[in-house]
Structure formats: C-alpha cells, structure tokens
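Reviewing the structure listed below.
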Amino acid sequence: MPQISTFLTFNDQAEAAARFYTSVFPNSSITRISRYPDLGPQSPFKTASVMTVEFTLDGRPFTALNGGPQFAFSQGISIAVICDTQAQVDEYWGKFVAAGGTPVACGWITDHFGVSWQIDPKVLIDMVSHPDGETAAKAMRAMMTMVKIDSEGLIRAVGK
C-alpha cells in the first residue's frame with residue numbers, strides 16, 4: 001500500500017509552521033528536517049537552508065516544503081480538525097487566534113502562515129449530515145451564522 005500524506009508548500013516558513021502545528025496538537029512531533037544541498041550559483045535556495053520538514057499531527061503524516069514565494073495557500077484546501085467536545089474546539093481555536101490566526105466563518109480559521117483549518121465539533125458533522133432533512137437544515141442555518149462553532153448553539157437551533 002502506498003503511504004498517503006499531506007504536503008504543504010510554504011515560501012520559507014516550513015520549519016516554523018511545523019513547530020507551531022506540533023505544539024498545538026497532542027501526539028505530534030517533527031520526525032525529520034532535510035536541508036537544501038549546494039545546487040550551484042543559480043539556485044534560488046540557500047545551501048543548508050531548510051528544504052523539508054516531516055512531522056506528524058496526532059499520528060498523521062505531513063511534509064512542509066520551503067518552495068519559494070511563488071507558492072501561496074488558498075481556502076480551496078483546508079485541514080479539518082473534528083473535535084469530540086466544545087472544550088477541544090475552544091482550545092484549538094484559541095491557540096490559532098493567539099498565534100495570529102484570522103477567524104473566517106463556519107468554523108474556518110486561517111492561521112498566520114496562510115493555511116486554512118476547520119475546527120469543528122463532531123456534533124456539527126453529525127447534525128448537518130442527519131438523515132432527517134429538517135434537522136440537517138436547521139443545523140446548517142445555525143452553522144452559517146457562526147464564526148467559531150458553538151455546540152450548544154447548534155443543539156438549541158435543532159431543538160434536540
């Protein structure tokens with residue numbers, strides 16, 4: 001079986017991003033840092049500067065690359081963090097905001113590196129995919145009024 005992992009390309013902040021992410025999530029670590037070899041005088045990369053950082057977030061593999069300024073993130077891709085409790089949502093959201101993250105809407109936040117995250121309670125996922133269409137619609141309508149997702153607000157909106 002092939003290994004599937006997430007690969008994030010930064011301008012020059014791969015190591016800083018990996019260090020931040022591994023500080024936010026439990027059971028996370030940096031597993032390898034590779035450096036650019038001498039690629040000659042025409043290389044856009046400084047010899048021995050960080051090329052890639054391999055790390056895990058709660059056991060899931062990621063690689064961050066310093067690829068240069070032509071790379072930028074967009075909300076077209078995000079990393080979803082599905083939390084068991086509202087306390088976890090609050091904790092992760094708070095860590096991203098404290099580091100300079102920008103809250104967006106509907107549980108999305110863009111971190112200070114430009115990467116988009118979805119910090120959502122499991123109850124949101126369960127409600128918006130509920131087999132009863134009216135329950136799902138009530139949950140969706142409530143979610144769309146929120147920036148950070150509020151589990152109790154969702155429960156009140158759905159009436160269950």
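Scheme for the structure tokens: letters A, B, ... for chains in order shown; per-chain residue numbers from 1; ligand numbers from 1 in order shown.
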Applying 10 Å and only C-alpha atoms, which residues near A:Ala157 remain after dropping the ones on its own chain fewer than 5 positions away? List them as a PDB file with N, CA and C atoms, in the first residue's frame.
```pdb
ATOM      1  N   THR A 135     -33.735  18.524  10.302  1.00  0.00           N
ATOM      2  CA  THR A 135     -32.677  18.614  11.308  1.00  0.00           C
ATOM      3  C   THR A 135     -31.395  19.117  10.673  1.00  0.00           C
ATOM      4  N   LYS A 138     -31.762  22.877   9.813  1.00  0.00           N
ATOM      5  CA  LYS A 138     -31.661  23.732  10.998  1.00  0.00           C
ATOM      6  C   LYS A 138     -30.210  23.861  11.441  1.00  0.00           C
ATOM      7  N   ALA A 139     -29.492  22.756  11.428  1.00  0.00           N
ATOM      8  CA  ALA A 139     -28.080  22.783  11.830  1.00  0.00           C
ATOM      9  C   ALA A 139     -27.260  23.635  10.854  1.00  0.00           C
ATOM     10  N   MET A 140     -27.509  23.471   9.560  1.00  0.00           N
ATOM     11  CA  MET A 140     -26.782  24.258   8.558  1.00  0.00           C
ATOM     12  C   MET A 140     -27.074  25.753   8.718  1.00  0.00           C
ATOM     13  N   ARG A 141     -28.331  26.097   8.904  1.00  0.00           N
ATOM     14  CA  ARG A 141     -28.689  27.513   9.066  1.00  0.00           C
ATOM     15  C   ARG A 141     -28.001  28.098  10.299  1.00  0.00           C
ATOM     16  N   ALA A 142     -27.984  27.348  11.388  1.00  0.00           N
ATOM     17  CA  ALA A 142     -27.321  27.831  12.603  1.00  0.00           C
ATOM     18  C   ALA A 142     -25.814  27.967  12.377  1.00  0.00           C
ATOM     19  N   MET A 143     -25.196  26.963  11.751  1.00  0.00           N
ATOM     20  CA  MET A 143     -23.761  26.994  11.500  1.00  0.00           C
ATOM     21  C   MET A 143     -23.382  28.215  10.672  1.00  0.00           C
ATOM     22  N   SER A 151     -21.306  24.360  19.927  1.00  0.00           N
ATOM     23  CA  SER A 151     -22.088  23.122  20.012  1.00  0.00           C
ATOM     24  C   SER A 151     -23.448  23.334  20.657  1.00  0.00           C
ATOM     25  N   GLU A 152     -23.487  24.052  21.765  1.00  0.00           N
ATOM     26  CA  GLU A 152     -24.752  24.283  22.460  1.00  0.00           C
ATOM     27  C   GLU A 152     -25.698  25.102  21.588  1.00  0.00           C
TER      28      GLU A 152
END
```
ask   = stretch 75-88 of chain A: which residues within 9 Å, counting only C-alpha atoms, same-chain residues fewer than 4 positions away excluded, as an MDAnalysis selection string?
value = chainID A and resid 92:93 108 110 114:123 125 149:152
Those same residues, written as an mmCIF file, in the first residue's frame with N, CA and C atoms?
```
data_model
loop_
_atom_site.group_PDB
_atom_site.id
_atom_site.type_symbol
_atom_site.label_atom_id
_atom_site.label_comp_id
_atom_site.auth_asym_id
_atom_site.auth_seq_id
_atom_site.Cartn_x
_atom_site.Cartn_y
_atom_site.Cartn_z
ATOM 1 N N TYR A 92 -8.303 24.611 20.603
ATOM 2 C CA TYR A 92 -7.582 24.739 19.332
ATOM 3 C C TYR A 92 -7.823 26.103 18.698
ATOM 4 N N TRP A 93 -9.068 26.550 18.713
ATOM 5 C CA TRP A 93 -9.400 27.855 18.154
ATOM 6 C C TRP A 93 -8.566 28.939 18.858
ATOM 7 N N TRP A 108 -14.152 27.941 10.180
ATOM 8 C CA TRP A 108 -12.885 28.067 9.452
ATOM 9 C C TRP A 108 -12.036 29.158 10.076
ATOM 10 N N THR A 110 -7.951 30.888 9.292
ATOM 11 C CA THR A 110 -6.715 30.873 8.510
ATOM 12 C C THR A 110 -5.575 31.181 9.464
ATOM 13 N N GLY A 114 -1.082 31.242 6.589
ATOM 14 C CA GLY A 114 -1.971 31.254 5.434
ATOM 15 C C GLY A 114 -2.711 29.952 5.186
ATOM 16 N N VAL A 115 -2.506 28.946 6.037
ATOM 17 C CA VAL A 115 -3.168 27.648 5.881
ATOM 18 C C VAL A 115 -4.565 27.722 6.504
ATOM 19 N N SER A 116 -5.555 27.193 5.796
ATOM 20 C CA SER A 116 -6.936 27.177 6.281
ATOM 21 C C SER A 116 -7.206 25.907 7.084
ATOM 22 N N TRP A 117 -7.900 26.085 8.186
ATOM 23 C CA TRP A 117 -8.266 24.993 9.084
ATOM 24 C C TRP A 117 -9.766 25.064 9.340
ATOM 25 N N GLN A 118 -10.363 23.911 9.558
ATOM 26 C CA GLN A 118 -11.745 23.817 10.019
ATOM 27 C C GLN A 118 -11.703 23.189 11.406
ATOM 28 N N ILE A 119 -12.103 23.938 12.393
ATOM 29 C CA ILE A 119 -12.102 23.451 13.775
ATOM 30 C C ILE A 119 -13.564 23.238 14.151
ATOM 31 N N ASP A 120 -14.010 22.005 14.073
ATOM 32 C CA ASP A 120 -15.433 21.703 14.220
ATOM 33 C C ASP A 120 -15.688 20.620 15.262
ATOM 34 N N PRO A 121 -16.777 20.781 16.012
ATOM 35 C CA PRO A 121 -17.178 19.695 16.904
ATOM 36 C C PRO A 121 -17.848 18.586 16.095
ATOM 37 N N LYS A 122 -17.676 17.369 16.556
ATOM 38 C CA LYS A 122 -18.285 16.215 15.889
ATOM 39 C C LYS A 122 -19.799 16.374 15.796
ATOM 40 N N VAL A 123 -20.387 17.021 16.778
ATOM 41 C CA VAL A 123 -21.841 17.200 16.766
ATOM 42 C C VAL A 123 -22.278 17.975 15.520
ATOM 43 N N ILE A 125 -20.888 17.834 12.496
ATOM 44 C CA ILE A 125 -20.847 16.889 11.376
ATOM 45 C C ILE A 125 -22.046 15.952 11.442
ATOM 46 N N ILE A 149 -17.616 27.553 15.821
ATOM 47 C CA ILE A 149 -18.810 26.730 16.025
ATOM 48 C C ILE A 149 -19.088 26.562 17.514
ATOM 49 N N ASP A 150 -20.346 26.748 17.860
ATOM 50 C CA ASP A 150 -20.826 26.626 19.234
ATOM 51 C C ASP A 150 -21.767 25.428 19.308
ATOM 52 N N SER A 151 -21.306 24.360 19.927
ATOM 53 C CA SER A 151 -22.088 23.122 20.012
ATOM 54 C C SER A 151 -23.448 23.334 20.657
ATOM 55 N N GLU A 152 -23.487 24.052 21.765
ATOM 56 C CA GLU A 152 -24.752 24.283 22.460
ATOM 57 C C GLU A 152 -25.698 25.102 21.588
#
```
task = Work out how far atom CA of A:Phe20 is from atom CA of A:His112, in Å to one decimal.
result = 10.1 Å
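Contact shell of A:Ala14 at 7 Å (only C-alpha atoms; same-chain neighbours under 5 positions omitted): Thr52, Val53, Ala64, Leu65 and Asn66 of chain A.
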Identify, on the basis of only C-alpha atoms, every residue whose closest approach to A:Leu57 does not exceed 7 Å; exclude the query and any residue fewer than 5 positions from it along the same chain; express the result as a PDB file with N, CA and C atoms, in the first residue's frame.
```pdb
ATOM      1  N   THR A  22       2.925  21.267  15.653  1.00  0.00           N
ATOM      2  CA  THR A  22       3.206  20.182  16.604  1.00  0.00           C
ATOM      3  C   THR A  22       3.066  20.647  18.054  1.00  0.00           C
ATOM      4  N   PHE A  25      -1.175  20.399  18.684  1.00  0.00           N
ATOM      5  CA  PHE A  25      -1.887  19.121  18.757  1.00  0.00           C
ATOM      6  C   PHE A  25      -1.102  18.077  19.543  1.00  0.00           C
ATOM      7  N   ASN A  27       0.268  14.345  20.733  1.00  0.00           N
ATOM      8  CA  ASN A  27       0.798  13.188  19.992  1.00  0.00           C
ATOM      9  C   ASN A  27       1.367  13.614  18.640  1.00  0.00           C
ATOM     10  N   SER A  28       2.079  14.723  18.626  1.00  0.00           N
ATOM     11  CA  SER A  28       2.632  15.276  17.399  1.00  0.00           C
ATOM     12  C   SER A  28       4.119  15.528  17.559  1.00  0.00           C
ATOM     13  N   SER A  29       4.853  15.412  16.462  1.00  0.00           N
ATOM     14  CA  SER A  29       6.297  15.642  16.537  1.00  0.00           C
ATOM     15  C   SER A  29       6.874  15.888  15.155  1.00  0.00           C
TER      16      SER A  29
END
```
ask   = For A:Val89, which residue out of A:Gln70, A:Asp126, A:Gly59, A:Lys148 is the nearest one, using only C-alpha atoms?
value =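 Answer, going by the shortest atom-to-atom distance: A:Lys148.
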